[in-house]
file upload.txt (compact mmCIF, C-alpha atoms and all ligand atoms)
# COMPACT_ATOMS: atom_id res chain seq x y z
CA MET A 1 65.11 66.10 -119.49
CA LYS A 2 67.34 65.31 -116.51
CA ILE A 3 67.78 67.99 -113.89
CA ALA A 4 70.52 67.99 -111.20
CA VAL A 5 69.98 70.04 -108.04
CA THR A 6 72.62 70.65 -105.34
CA SER A 7 71.03 69.74 -102.06
CA THR A 8 71.50 69.42 -98.32
CA GLY A 9 69.58 66.11 -98.32
CA LYS A 10 68.57 63.15 -100.44
CA THR A 11 64.96 63.89 -101.33
CA ILE A 12 63.02 66.34 -103.49
CA GLU A 13 61.82 68.07 -100.31
CA SER A 14 65.41 68.74 -99.23
CA VAL A 15 66.66 72.31 -99.09
CA ILE A 16 69.02 73.44 -101.84
CA ASP A 17 72.68 73.84 -100.93
CA PRO A 18 73.94 76.89 -102.81
CA ARG A 19 77.48 75.54 -103.25
CA PHE A 20 77.89 73.48 -106.40
CA GLY A 21 81.14 71.64 -105.74
CA ARG A 22 80.69 71.30 -102.00
CA ALA A 23 77.03 70.43 -101.56
CA PRO A 24 76.61 67.18 -99.59
CA PHE A 25 74.17 65.74 -102.14
CA ILE A 26 73.30 66.20 -105.78
CA VAL A 27 69.70 65.15 -106.43
CA ILE A 28 68.80 64.14 -109.98
CA VAL A 29 65.16 64.31 -111.07
CA ASP A 30 63.17 64.19 -114.29
CA ASP A 31 60.89 66.96 -115.64
CA ASP A 32 58.06 65.86 -113.40
CA CYS A 33 60.30 65.98 -110.35
CA ASN A 34 60.46 62.21 -109.93
CA LEU A 35 63.63 61.30 -108.06
CA ILE A 36 66.06 59.43 -110.29
CA GLU A 37 69.11 59.40 -108.04
CA ALA A 38 70.60 61.16 -105.02
CA ILE A 39 74.38 61.30 -105.43
CA ASP A 40 76.45 61.39 -102.26
CA ASN A 41 78.87 64.24 -102.97
CA SER A 42 80.68 64.08 -99.62
CA LYS A 43 83.96 62.98 -101.20
CA ASN A 44 83.95 66.27 -103.08
CA VAL A 45 83.01 68.29 -100.01
CA ASN A 46 86.45 67.62 -98.58
CA ALA A 47 88.34 68.00 -101.85
CA PHE A 48 91.06 70.61 -101.61
CA ARG A 49 90.58 72.03 -105.06
CA GLY A 50 88.73 71.26 -108.21
CA ALA A 51 85.56 70.21 -106.36
CA GLY A 52 83.34 72.03 -108.85
CA ILE A 53 85.09 70.40 -111.79
CA GLN A 54 84.61 66.94 -110.31
CA ALA A 55 80.96 67.63 -109.53
CA ALA A 56 80.47 68.80 -113.12
CA LYS A 57 82.02 65.59 -114.37
CA THR A 58 79.83 63.51 -112.07
CA ILE A 59 76.61 64.97 -113.45
CA ALA A 60 77.93 64.94 -117.04
CA ASP A 61 78.51 61.19 -116.70
CA ARG A 62 74.80 60.90 -115.85
CA LYS A 63 73.82 62.85 -118.95
CA VAL A 64 72.18 65.64 -117.02
CA ASP A 65 70.74 68.50 -119.14
CA LEU A 66 70.26 71.22 -116.55
CA LEU A 67 71.89 72.07 -113.22
CA LEU A 68 70.10 74.07 -110.54
CA THR A 69 72.37 75.49 -107.87
CA GLY A 70 73.30 78.65 -105.98
CA ARG A 71 76.80 79.57 -107.01
CA CYS A 72 78.99 78.20 -109.74
CA GLY A 73 82.67 79.09 -110.12
CA PRO A 74 84.55 79.64 -113.38
CA ASN A 75 86.27 76.26 -113.64
CA ALA A 76 83.06 74.37 -112.93
CA PHE A 77 81.19 76.56 -115.40
CA THR A 78 83.72 75.86 -118.16
CA THR A 79 83.42 72.14 -117.50
CA LEU A 80 79.61 72.25 -117.52
CA GLN A 81 79.60 74.17 -120.78
CA ALA A 82 81.91 71.64 -122.40
CA ALA A 83 79.49 68.91 -121.35
CA GLY A 84 76.54 70.89 -122.74
CA ILE A 85 74.88 71.23 -119.34
CA LYS A 86 72.85 74.38 -118.84
CA VAL A 87 73.02 76.19 -115.50
CA GLY A 88 70.25 77.85 -113.51
CA ALA A 89 72.04 79.65 -110.71
CA GLU A 90 70.96 81.61 -107.63
CA GLN A 91 68.38 78.97 -106.72
CA SER A 92 67.05 78.54 -103.20
CA GLY A 93 64.21 76.81 -101.34
CA THR A 94 63.64 73.09 -101.84
CA VAL A 95 64.54 70.88 -104.78
CA ARG A 96 60.86 70.62 -105.72
CA GLU A 97 60.32 74.38 -105.63
CA ALA A 98 63.28 74.97 -107.93
CA VAL A 99 62.14 72.36 -110.44
CA GLU A 100 58.66 73.88 -110.44
CA ARG A 101 60.17 77.28 -111.20
CA VAL A 102 61.88 75.70 -114.22
CA LYS A 103 58.54 74.34 -115.42
CA ARG A 104 57.03 77.83 -115.12
CA ASN A 105 59.99 79.16 -117.11
CA GLU A 106 61.09 81.32 -114.21
CA VAL A 107 64.73 80.23 -114.11
CA PRO A 108 67.06 82.23 -116.36
CA LEU A 109 70.01 80.31 -117.73
CA ALA A 110 73.40 81.56 -116.61
CA ASP A 111 75.79 82.59 -119.36
CA LYS A 112 78.74 83.11 -117.01
CA PRO A 113 80.00 81.92 -113.62
CA ASN A 114 78.65 83.78 -110.59
CA ALA A 115 81.27 82.87 -108.00
CA GLU A 116 84.99 83.22 -107.49
CA ALA A 117 87.24 80.25 -108.03
CA HIS A 118 87.87 77.73 -105.21
CA TRP A 119 84.27 77.23 -104.20
CA MET B 1 124.15 73.49 -91.78
CA ILE B 2 120.76 74.67 -92.97
CA VAL B 3 118.68 76.78 -90.59
CA ALA B 4 115.13 77.82 -91.47
CA VAL B 5 113.61 80.85 -89.79
CA ALA B 6 109.83 80.47 -89.59
CA SER B 7 106.86 81.97 -87.78
CA GLY B 8 103.24 81.08 -87.18
CA LYS B 9 102.05 84.37 -88.61
CA GLY B 10 103.39 87.33 -90.54
CA GLY B 11 104.91 90.40 -88.95
CA THR B 12 106.56 88.71 -85.98
CA GLY B 13 110.11 89.77 -86.84
CA LYS B 14 111.10 86.63 -88.72
CA THR B 15 112.94 88.59 -91.39
CA THR B 16 114.69 90.69 -88.74
CA VAL B 17 116.07 87.53 -87.16
CA ALA B 18 117.06 85.92 -90.48
CA THR B 19 118.86 89.01 -91.77
CA SER B 20 120.61 89.60 -88.43
CA LEU B 21 121.97 86.07 -88.47
CA VAL B 22 123.53 86.42 -91.90
CA SER B 23 124.80 89.90 -91.09
CA VAL B 24 126.89 88.66 -88.16
CA LEU B 25 128.14 85.69 -90.18
CA GLY B 26 129.20 87.61 -93.29
CA ASP B 27 130.85 85.51 -95.99
CA ARG B 28 130.30 82.31 -94.04
CA ALA B 29 126.57 82.57 -94.65
CA GLN B 30 124.09 82.71 -97.44
CA ILE B 31 120.50 83.82 -97.15
CA LEU B 32 117.71 82.31 -99.20
CA ASP B 33 114.42 84.17 -99.06
CA CYS B 34 111.80 81.46 -99.57
CA ASP B 35 108.88 83.75 -98.71
CA VAL B 36 108.23 84.03 -102.44
CA GLU B 37 104.84 85.73 -102.09
CA GLU B 38 106.38 88.59 -100.20
CA PRO B 39 110.17 88.40 -100.13
CA ASN B 40 111.46 91.23 -97.96
CA CYS B 41 114.97 90.28 -96.84
CA HIS B 42 116.15 92.44 -99.73
CA ILE B 43 114.68 95.53 -98.07
CA LEU B 44 117.05 95.15 -95.13
CA LEU B 45 120.04 93.61 -96.91
CA LYS B 46 119.94 95.72 -100.11
CA PRO B 47 121.68 93.13 -102.30
CA THR B 48 123.07 93.66 -105.78
CA ILE B 49 121.20 91.20 -108.02
CA LEU B 50 123.53 89.45 -110.44
CA THR B 51 121.41 86.71 -112.01
CA THR B 52 117.69 86.30 -112.70
CA ASP B 53 116.27 82.94 -113.80
CA THR B 54 112.70 82.23 -114.82
CA VAL B 55 111.08 79.19 -113.22
CA ASN B 56 108.48 77.33 -115.26
CA LEU B 57 106.17 74.44 -114.57
CA PRO B 58 105.34 72.08 -117.45
CA VAL B 59 101.56 71.95 -117.90
CA PRO B 60 99.56 69.95 -120.43
CA SER B 61 98.17 71.11 -123.73
CA VAL B 62 95.89 68.70 -125.59
CA ASP B 63 95.83 68.13 -129.33
CA LEU B 64 92.17 67.24 -129.85
CA GLU B 65 92.89 65.95 -133.38
CA LYS B 66 94.88 63.10 -131.88
CA CYS B 67 92.78 62.58 -128.73
CA SER B 68 90.53 59.51 -128.69
CA LEU B 69 88.66 60.68 -125.55
CA CYS B 70 89.85 57.58 -123.70
CA GLY B 71 89.67 59.40 -120.36
CA LYS B 72 93.01 58.17 -118.97
CA CYS B 73 94.40 61.65 -118.35
CA GLY B 74 91.43 62.64 -116.21
CA GLU B 75 91.66 59.45 -114.17
CA VAL B 76 95.32 59.90 -113.31
CA CYS B 77 95.21 63.60 -112.43
CA GLN B 78 94.76 64.16 -108.68
CA PHE B 79 94.06 67.85 -109.11
CA SER B 80 91.25 68.00 -111.69
CA ALA B 81 93.67 69.91 -113.89
CA ILE B 82 92.81 67.93 -117.00
CA VAL B 83 89.25 66.81 -117.61
CA PRO B 84 87.93 64.79 -120.54
CA ILE B 85 84.28 65.76 -120.80
CA GLY B 86 81.68 65.60 -123.53
CA LYS B 87 83.57 65.62 -126.81
CA THR B 88 86.57 67.50 -125.55
CA VAL B 89 89.38 67.58 -122.98
CA ILE B 90 89.76 70.74 -120.90
CA ALA B 91 93.04 71.64 -119.21
CA PHE B 92 93.13 73.96 -116.20
CA PRO B 93 96.80 74.99 -116.16
CA GLU B 94 96.42 76.95 -112.91
CA LEU B 95 95.42 73.75 -111.08
CA CYS B 96 98.22 71.64 -112.58
CA HIS B 97 101.13 70.56 -110.37
CA GLY B 98 103.31 69.60 -113.32
CA CYS B 99 103.71 65.94 -112.37
CA GLY B 100 103.76 64.85 -116.02
CA ALA B 101 101.57 61.79 -115.42
CA CYS B 102 98.90 62.69 -117.97
CA SER B 103 101.24 63.19 -120.91
CA MET B 104 103.13 60.04 -119.99
CA LEU B 105 99.97 57.94 -119.88
CA CYS B 106 98.15 59.32 -122.90
CA PRO B 107 97.96 56.41 -125.36
CA GLU B 108 97.57 58.72 -128.37
CA GLU B 109 100.45 61.06 -127.50
CA ALA B 110 97.91 63.83 -127.73
CA ILE B 111 99.29 65.73 -124.73
CA HIS B 112 102.41 67.84 -124.91
CA GLU B 113 103.77 70.07 -122.20
CA VAL B 114 103.93 73.84 -122.34
CA PRO B 115 105.66 76.04 -119.78
CA ARG B 116 103.65 77.99 -117.23
CA ASN B 117 105.69 80.78 -115.67
CA LEU B 118 105.75 80.61 -111.86
CA GLY B 119 108.16 83.43 -111.12
CA VAL B 120 111.88 84.12 -110.89
CA VAL B 121 114.85 83.17 -108.77
CA GLU B 122 117.35 85.97 -108.28
CA THR B 123 120.85 85.66 -106.89
CA GLY B 124 123.38 88.28 -105.90
CA MET B 125 125.48 89.63 -103.08
CA ALA B 126 124.56 91.70 -100.04
CA GLY B 127 128.01 92.85 -98.98
CA PRO B 128 129.86 89.62 -98.14
CA VAL B 129 126.62 87.63 -97.84
CA GLU B 130 125.43 85.46 -100.69
CA PHE B 131 121.82 86.36 -101.46
CA VAL B 132 119.09 84.28 -103.14
CA GLN B 133 115.38 85.03 -103.38
CA GLY B 134 112.32 83.75 -105.20
CA ARG B 135 109.59 86.04 -106.42
CA ILE B 136 106.28 84.56 -107.50
CA ARG B 137 104.55 85.89 -110.62
CA ILE B 138 101.59 88.11 -109.73
CA GLY B 139 98.42 86.04 -109.98
CA GLU B 140 100.27 82.74 -109.59
CA ALA B 141 99.21 80.63 -106.60
CA MET B 142 101.53 77.65 -106.72
CA SER B 143 104.71 78.44 -104.83
CA PRO B 144 106.28 75.08 -103.81
CA PRO B 145 108.06 74.42 -107.15
CA LEU B 146 109.47 77.95 -107.05
CA ILE B 147 110.62 77.46 -103.45
CA ARG B 148 112.34 74.24 -104.47
CA ALA B 149 114.10 76.17 -107.24
CA VAL B 150 115.34 78.70 -104.65
CA LYS B 151 116.60 75.85 -102.47
CA THR B 152 118.72 74.37 -105.27
CA HIS B 153 121.10 77.27 -104.51
CA ILE B 154 121.86 75.97 -101.01
CA ARG B 155 125.60 75.34 -100.75
CA GLY B 156 127.04 72.77 -98.39
CA ASP B 157 130.04 74.87 -97.43
CA LYS B 158 128.13 77.80 -95.93
CA LEU B 159 125.56 78.26 -93.24
CA ALA B 160 122.35 78.57 -95.20
CA ILE B 161 119.65 80.69 -93.58
CA LEU B 162 116.20 80.17 -95.11
CA ASP B 163 113.55 82.81 -94.54
CA ALA B 164 110.36 80.72 -94.62
CA PRO B 165 106.88 82.04 -95.50
CA PRO B 166 104.69 82.70 -92.45
CA GLY B 167 102.07 80.16 -91.39
CA ALA B 168 102.00 76.38 -91.43
CA SER B 169 100.88 75.50 -94.95
CA CYS B 170 102.45 73.66 -97.85
CA PRO B 171 104.96 76.42 -98.80
CA VAL B 172 106.27 76.46 -95.21
CA ILE B 173 106.76 72.71 -95.18
CA THR B 174 108.43 72.86 -98.61
CA THR B 175 110.87 75.44 -97.22
CA VAL B 176 111.82 73.79 -93.93
CA LYS B 177 112.02 70.23 -95.29
CA GLY B 178 115.64 69.14 -95.31
CA SER B 179 116.73 71.81 -92.82
CA ASP B 180 118.85 70.89 -89.81
CA PHE B 181 117.13 73.30 -87.47
CA VAL B 182 114.08 75.57 -87.40
CA ILE B 183 114.05 78.85 -85.49
CA MET B 184 110.47 79.87 -84.73
CA VAL B 185 109.95 83.57 -84.21
CA THR B 186 106.88 84.58 -82.25
CA GLU B 187 105.34 87.32 -80.18
CA PRO B 188 104.26 86.64 -76.60
CA THR B 189 100.56 87.29 -77.24
CA PRO B 190 97.57 84.91 -77.33
CA PHE B 191 97.36 85.29 -81.13
CA GLY B 192 101.07 84.66 -81.48
CA LEU B 193 100.83 81.59 -79.28
CA ASN B 194 97.89 80.14 -81.17
CA ASP B 195 99.64 80.42 -84.56
CA LEU B 196 102.90 79.24 -83.04
CA GLY B 197 101.20 76.08 -81.78
CA ILE B 198 99.84 75.27 -85.23
CA ALA B 199 103.22 75.84 -86.93
CA VAL B 200 105.11 73.83 -84.30
CA GLU B 201 102.72 70.91 -84.77
CA ALA B 202 103.14 71.00 -88.55
CA ILE B 203 106.93 71.08 -88.39
CA LYS B 204 107.19 68.50 -85.61
CA GLY B 205 105.96 65.95 -88.13
CA LEU B 206 109.18 66.43 -90.11
CA GLY B 207 111.36 65.52 -87.14
CA ILE B 208 113.48 68.68 -87.34
CA PRO B 209 114.72 70.17 -84.03
CA MET B 210 113.21 73.56 -83.22
CA GLY B 211 113.87 76.50 -80.95
CA ILE B 212 111.94 79.66 -80.15
CA VAL B 213 112.84 83.34 -80.42
CA ILE B 214 110.42 85.72 -78.72
CA ASN B 215 110.26 89.12 -80.34
CA ARG B 216 108.86 92.16 -78.51
CA SER B 217 109.22 89.88 -75.51
CA ASP B 218 108.08 92.49 -73.02
CA ILE B 219 104.66 93.27 -74.51
CA GLY B 220 102.63 90.15 -73.78
CA ASP B 221 102.29 87.51 -71.10
CA SER B 222 104.23 84.39 -70.13
CA SER B 223 102.07 81.97 -72.15
CA VAL B 224 104.68 81.45 -74.89
CA LYS B 225 107.33 80.66 -72.27
CA ASP B 226 105.00 78.18 -70.62
CA PHE B 227 104.39 76.64 -74.04
CA CYS B 228 108.16 76.23 -74.55
CA ASP B 229 108.49 74.59 -71.13
CA ASN B 230 105.62 72.22 -71.77
CA ARG B 231 106.86 71.20 -75.19
CA ASP B 232 110.53 71.04 -74.24
CA LEU B 233 111.33 73.66 -76.85
CA PRO B 234 114.50 75.65 -76.14
CA LEU B 235 113.91 79.37 -75.72
CA LEU B 236 116.84 80.68 -77.74
CA MET B 237 116.51 84.43 -77.44
CA GLU B 238 114.28 87.26 -76.34
CA ILE B 239 114.24 90.56 -78.15
CA PRO B 240 112.49 93.23 -76.09
CA HIS B 241 110.47 95.92 -77.77
CA HIS B 242 112.79 98.84 -78.39
CA ARG B 243 112.08 102.11 -80.11
CA LYS B 244 115.46 102.06 -81.85
CA ILE B 245 114.70 98.66 -83.40
CA ALA B 246 111.32 99.75 -84.71
CA GLU B 247 112.70 103.01 -86.08
CA GLY B 248 115.59 101.23 -87.73
CA TYR B 249 113.25 98.70 -89.32
CA ALA B 250 111.05 101.48 -90.65
CA GLN B 251 114.12 102.97 -92.33
CA GLY B 252 115.11 99.59 -93.79
CA LYS B 253 118.07 99.20 -91.42
CA PRO B 254 119.09 95.75 -90.14
CA LEU B 255 118.68 95.22 -86.42
CA ILE B 256 122.38 94.89 -85.68
CA GLU B 257 122.98 98.23 -87.35
CA SER B 258 120.50 100.06 -85.14
CA MET B 259 121.51 98.03 -82.07
CA PRO B 260 125.15 96.90 -82.52
CA GLU B 261 125.09 95.30 -79.06
CA TYR B 262 122.89 92.59 -80.59
CA SER B 263 125.72 91.20 -82.74
CA ASP B 264 127.03 89.10 -79.89
CA LYS B 265 123.56 87.85 -79.03
CA PHE B 266 123.02 86.63 -82.57
CA ARG B 267 126.45 84.98 -82.63
CA LYS B 268 125.50 83.18 -79.45
CA LEU B 269 122.19 82.17 -81.02
CA ILE B 270 124.05 80.48 -83.87
CA ASP B 271 126.37 78.72 -81.41
CA ASP B 272 123.39 77.51 -79.39
CA VAL B 273 121.65 76.22 -82.48
CA SER B 274 124.81 74.43 -83.64
CA MET B 275 125.15 72.84 -80.25
CA ILE B 276 121.58 71.58 -80.22
CA PHE B 277 122.05 70.34 -83.76
CA GLY B 278 125.04 68.46 -82.48
CA LYS B 279 128.00 69.76 -84.39
CA PRO B 280 129.79 73.08 -84.44
CA SER B 281 128.84 75.16 -87.44
CA LYS B 282 131.23 76.78 -89.84
CA GLY B 283 129.72 80.03 -88.73
CA SER B 284 130.43 79.65 -85.03
CA SER B 285 133.85 79.84 -83.41
CA LEU B 286 133.89 83.59 -83.79
S1 LIG C 301 100.78 67.12 -115.27
FE1 LIG C 301 99.96 66.02 -113.47
S2 LIG C 301 98.89 67.62 -112.31
FE2 LIG C 301 99.20 68.44 -114.36
S3 LIG C 301 97.35 67.90 -115.47
FE3 LIG C 301 98.82 66.26 -115.86
S4 LIG C 301 98.34 64.73 -114.31
FE4 LIG C 301 97.36 66.64 -113.64
S1 LIG C 302 94.67 60.43 -122.26
FE1 LIG C 302 95.08 61.34 -124.26
S2 LIG C 302 93.68 60.32 -125.66
FE2 LIG C 302 92.94 59.90 -123.59
S3 LIG C 302 91.44 61.53 -123.20
FE3 LIG C 302 93.37 62.26 -122.41
S4 LIG C 302 94.28 63.40 -124.11
FE4 LIG C 302 92.65 62.17 -124.97
call {"tool": "encode", "arguments": {"input": "upload.txt", "output": "C-alpha cells"}}
result
Amino acid sequence: MKIAVTSTGKTIESVIDPRFGRAPFIVIVDDDCNLIEAIDNSKNVNAFRGAGIQAAKTIADRKVDLLLTGRCGPNAFTTLQAAGIKVGAEQSGTVREAVERVKRNEVPLADKPNAEAHW
Amino acid sequence: MIVAVASGKGGTGKTTVATSLVSVLGDRAQILDCDVEEPNCHILLKPTILTTDTVNLPVPSVDLEKCSLCGKCGEVCQFSAIVPIGKTVIAFPELCHGCGACSMLCPEEAIHEVPRNLGVVETGMAGPVEFVQGRIRIGEAMSPPLIRAVKTHIRGDKLAILDAPPGASCPVITTVKGSDFVIMVTEPTPFGLNDLGIAVEAIKGLGIPMGIVINRSDIGDSSVKDFCDNRDLPLLMEIPHHRKIAEGYAQGKPLIESMPEYSDKFRKLIDDVSMIFGKPSKGSSL
C-alpha cells in the first residue's frame, strides 16, 4: 500500500501540514514507512484555485492508496474519490506518527470533505 | 467618453459620486452599475427596468461513453475545472472560465457545452438617464463575464459612467479596462489611504488617467492629499461630511437632491475630467 502524507518537510520525521492542496511537500511512503518519494508541492502552494484538485491528481498519478492530511475540501475530495484514494483526515504530528496510527487502525476513513472550498 | 468611478474599499461614497454625475448630465449620460455583487445605484436612481437578459457561461459536460481518457482536456485547462482521473473525467463547473479550449481539443468530441447561469443584465430608464446594471446569481463567484455583458451596453454617443466594484481585484480591472478616465473615491483616513494606494497601483498598470475625490473630507488627516501630491494625481473634488447628505442617503435620495448646490460642483468635475482626458465631453458645455 502507498500512503501520501501532506508535510512541511521532505522526510518521515517532518511535521504534517494540515492543508492538502497547499502543503509544501507531499511525502509518499509504503506500509512500513519507508520513504518512496517527497513531492515538491510548492507550485500548488501558489495556485489561485484548484490546488486541492491538482494535488489529488498528483498523488493519483503515483497510484497512492491512502492520503493522510488535516483538511480536505469538497473539490479535492471528489477528485480523490474518483481516483479511489481513501482519506484519513484530521491528522497531526509527524509523518511517521500518522503512518503508525494507520497500522494500529486508529485512523478513521473520511466519507466527506471536512473543509470549505478554496483551501 | 467612458468614466469609471472606483474606490479602494466599499462604503466610501462611490455610488453617491456616480449617481450625482449622471443626475446632472441627464439624457446625455448613461449609468452602468458594474458592481454586480452589490449593485446599489438603483436605490438612489429608482429606475424603471425595461429589459432583463440572462447571462450564461458555457461550461463543459463530458460524455463518458465517448471519452477515451486521453487526458487532453485536463492538460489544457488552466483552472482545474476539468480533470481526467482514474476511469472518469470530473468537471467542476464553478471553476470553469468558459474558454472553450477543452471541448475544442477533445479528440473524441466527448465534451459538449452546457450553460451555467451567472446572473442578469437589466436595462431601463431613471428619468432621462439610461440605466444598466448587472446582478450576479446568488452563490455565483465569477463576475467578470457578467461585467463584460453589462459593458456591451456602453454607447459611444453618451457619457458612460461605470460604477465599479470596490477593491482592486479582477472584477475592478474588468470594469475599468477600456475607460478613458477613472475617478477614485476615498476617505481621508489611514484605512482609506491604504486601500486607495492598492487600487491606484492596480489601475496604473492599465495606463488610464486617474483623479481623486475625497468624501467626508473633513473627518481625517491630510495623508490622502499628500498621496495625491506625491503621485501627481489631480484632486478633483472634496465633499465635506454633512448631516444633510447622510440623511438624504439614508432615505435613498441622491446627493444633488439633498444638496442642490452640489450640481454645479459635479458639472465642474465632469469638465475637469474632460479637460484632463484631452477633449471636451458631450456632457460638458452646460
Ligand atoms: S472551458 Fe476552459 S476553463 Fe472551462 S473547463 Fe474547459 S478548458 Fe477549463
Ligand atoms: S479530451 Fe475528451 S477524450 Fe480526452 S479525456 Fe478529455 S473528455 Fe476524454
call {"tool": "atom_distance", "arguments": {"input": "upload.txt", "atom1": "CA of Gly73 (chain A)", "atom2": "atom S2 of ligand LIG 301 (chain C)"}}
result
20.0 Å
call {"tool": "closest_atom_pairs", "arguments": {"input": "upload.txt", "of": "chain B", "to": "ligand LIG 302 (chain C)", "cutoff": "10 Å", "atoms": "all atoms listed in the file", "output": "CSV"}}
result
residue,atom,partner,partner_atom,distance
B:Pro60,CA,C:LIG302,S4,9.2
B:Ser61,CA,C:LIG302,S4,8.6
B:Val62,CA,C:LIG302,S4,5.7
B:Asp63,CA,C:LIG302,S4,7.2
B:Leu64,CA,C:LIG302,FE4,7.1
B:Glu65,CA,C:LIG302,FE4,9.2
B:Lys66,CA,C:LIG302,S2,6.9
B:Cys67,CA,C:LIG302,FE4,3.8
B:Ser68,CA,C:LIG302,S2,4.4
B:Leu69,CA,C:LIG302,S3,3.7
B:Cys70,CA,C:LIG302,FE2,3.9
B:Gly71,CA,C:LIG302,S3,4.0
B:Lys72,CA,C:LIG302,S1,4.3
B:Cys73,CA,C:LIG302,S1,4.1
B:Gly74,CA,C:LIG302,FE3,6.5
B:Glu75,CA,C:LIG302,S1,8.7
B:Val76,CA,C:LIG302,S1,9.0
B:Ile82,CA,C:LIG302,FE3,7.9
B:Val83,CA,C:LIG302,FE3,7.8
B:Pro84,CA,C:LIG302,S3,5.5
B:Ile85,CA,C:LIG302,S3,8.7
B:Lys87,CA,C:LIG302,S3,9.6
B:Thr88,CA,C:LIG302,S3,8.1
B:Val89,CA,C:LIG302,S3,6.4
B:Ile90,CA,C:LIG302,S4,9.2
B:Ala91,CA,C:LIG302,S4,9.7
B:Ala101,CA,C:LIG302,S1,9.8
B:Cys102,CA,C:LIG302,S1,6.4
B:Ser103,CA,C:LIG302,FE1,7.3
B:Met104,CA,C:LIG302,S1,8.8
B:Leu105,CA,C:LIG302,S1,6.3
B:Cys106,CA,C:LIG302,S1,3.7
B:Pro107,CA,C:LIG302,S2,5.8
B:Glu108,CA,C:LIG302,S2,5.0
B:Glu109,CA,C:LIG302,FE1,6.3
B:Ala110,CA,C:LIG302,FE1,5.1
B:Ile111,CA,C:LIG302,S4,5.6
B:His112,CA,C:LIG302,S4,9.3
call {"tool": "write_last_selection", "arguments": {"input": "upload.txt", "atoms": "C-alpha atoms", "output": "compact mmCIF listing (two decimals), in the frame of the given file"}}
result
# COMPACT_ATOMS: atom_id res chain seq x y z
CA PRO B 60 99.56 69.95 -120.43
CA SER B 61 98.17 71.11 -123.73
CA VAL B 62 95.89 68.70 -125.59
CA ASP B 63 95.83 68.13 -129.33
CA LEU B 64 92.17 67.24 -129.85
CA GLU B 65 92.89 65.95 -133.38
CA LYS B 66 94.88 63.10 -131.88
CA CYS B 67 92.78 62.58 -128.73
CA SER B 68 90.53 59.51 -128.69
CA LEU B 69 88.66 60.68 -125.55
CA CYS B 70 89.85 57.58 -123.70
CA GLY B 71 89.67 59.40 -120.36
CA LYS B 72 93.01 58.17 -118.97
CA CYS B 73 94.40 61.65 -118.35
CA GLY B 74 91.43 62.64 -116.21
CA GLU B 75 91.66 59.45 -114.17
CA VAL B 76 95.32 59.90 -113.31
CA ILE B 82 92.81 67.93 -117.00
CA VAL B 83 89.25 66.81 -117.61
CA PRO B 84 87.93 64.79 -120.54
CA ILE B 85 84.28 65.76 -120.80
CA LYS B 87 83.57 65.62 -126.81
CA THR B 88 86.57 67.50 -125.55
CA VAL B 89 89.38 67.58 -122.98
CA ILE B 90 89.76 70.74 -120.90
CA ALA B 91 93.04 71.64 -119.21
CA ALA B 101 101.57 61.79 -115.42
CA CYS B 102 98.90 62.69 -117.97
CA SER B 103 101.24 63.19 -120.91
CA MET B 104 103.13 60.04 -119.99
CA LEU B 105 99.97 57.94 -119.88
CA CYS B 106 98.15 59.32 -122.90
CA PRO B 107 97.96 56.41 -125.36
CA GLU B 108 97.57 58.72 -128.37
CA GLU B 109 100.45 61.06 -127.50
CA ALA B 110 97.91 63.83 -127.73
CA ILE B 111 99.29 65.73 -124.73
CA HIS B 112 102.41 67.84 -124.91
call {"tool": "atom_distance", "arguments": {"input": "upload.txt", "atom1": "CA of His153 (chain B)", "atom2": "CA of Glu38 (chain B)"}}
result
19.1 Å
call {"tool": "atom_distance", "arguments": {"input": "upload.txt", "atom1": "CA of Gly248 (chain B)", "atom2": "CA of Arg216 (chain B)"}}
result
14.6 Å
call {"tool": "residues_near_point", "arguments": {"input": "upload.txt", "point": "(81.0, 60.2, -117.4)", "cutoff": "10 Å", "atoms": "only C-alpha atoms", "output": "PyMOL selection string"}}
result
(chain A and resi 56-63+83) or (chain B and resi 71+84-86)
call {"tool": "write_last_selection", "arguments": {"input": "upload.txt", "atoms": "C-alpha atoms", "output": "compact mmCIF listing (two decimals), in the coordinates of the input"}}
result
# COMPACT_ATOMS: atom_id res chain seq x y z
CA ALA A 56 80.47 68.80 -113.12
CA LYS A 57 82.02 65.59 -114.37
CA THR A 58 79.83 63.51 -112.07
CA ILE A 59 76.61 64.97 -113.45
CA ALA A 60 77.93 64.94 -117.04
CA ASP A 61 78.51 61.19 -116.70
CA ARG A 62 74.80 60.90 -115.85
CA LYS A 63 73.82 62.85 -118.95
CA ALA A 83 79.49 68.91 -121.35
CA GLY B 71 89.67 59.40 -120.36
CA PRO B 84 87.93 64.79 -120.54
CA ILE B 85 84.28 65.76 -120.80
CA GLY B 86 81.68 65.60 -123.53
call {"tool": "interface_residues", "arguments": {"input": "upload.txt", "of": "chain A", "to": "chain B", "cutoff": "7 Å", "atoms": "all atoms listed in the file", "output": "list in words"}}
result
Arg49, Gly50, Ile53, Gln54, Lys57, Ala82 and Ala83 of chain A
call {"tool": "closest_residue", "arguments": {"input": "upload.txt", "among": "B:Pro144, B:Gly167, B:Gly10, B:Pro58", "to": "ligand LIG 301 (chain C)", "atoms": "only C-alpha atoms and all ligand atoms"}}
result
B:Pro58
call {"tool": "closest_residue", "arguments": {"input": "upload.txt", "among": "B:Asp27, B:Asp218, B:Glu37, B:Glu113", "to": "ligand LIG 301 (chain C)", "atoms": "only C-alpha atoms and all ligand atoms"}}
result
B:Glu113
call {"tool": "residues_around", "arguments": {"input": "upload.txt", "residues": "Ile138 (chain B)", "least_positions_apart": "6", "cutoff": "12 Å", "atoms": "all atoms listed in the file", "output": "VMD selection string"}}
result
chain B and resid 36 to 38 117 to 120
call {"tool": "residues_around", "arguments": {"input": "upload.txt", "residues": "Pro190 (chain B)", "least_positions_apart": "5", "cutoff": "9 Å", "atoms": "only C-alpha atoms", "output": "list in words"}}
result
Asp195, Gly220, Asp221, Ser223 and Val224 of chain B
call {"tool": "residues_around", "arguments": {"input": "upload.txt", "residues": "region 16-30 of chain A", "least_positions_apart": "2", "cutoff": "7 Å", "atoms": "all atoms listed in the file", "output": "PyMOL selection string"}}
result
chain A and resi 1-10+14+32-42+44-45+51-52+55+69-72+92-95+119
call {"tool": "residues_near_point", "arguments": {"input": "upload.txt", "point": "(114.7, 93.3, -93.4)", "cutoff": "10 Å", "atoms": "only C-alpha atoms", "output": "list of chain:residue names"}}
result
B:Gly13, B:Lys14, B:Thr15, B:Thr16, B:Val17, B:Ala18, B:Thr19, B:Ser20, B:Pro39, B:Asn40, B:Cys41, B:His42, B:Ile43, B:Leu44, B:Leu45, B:Lys46, B:Gly248, B:Tyr249, B:Ala250, B:Gln251, B:Gly252, B:Lys253, B:Pro254, B:Leu255
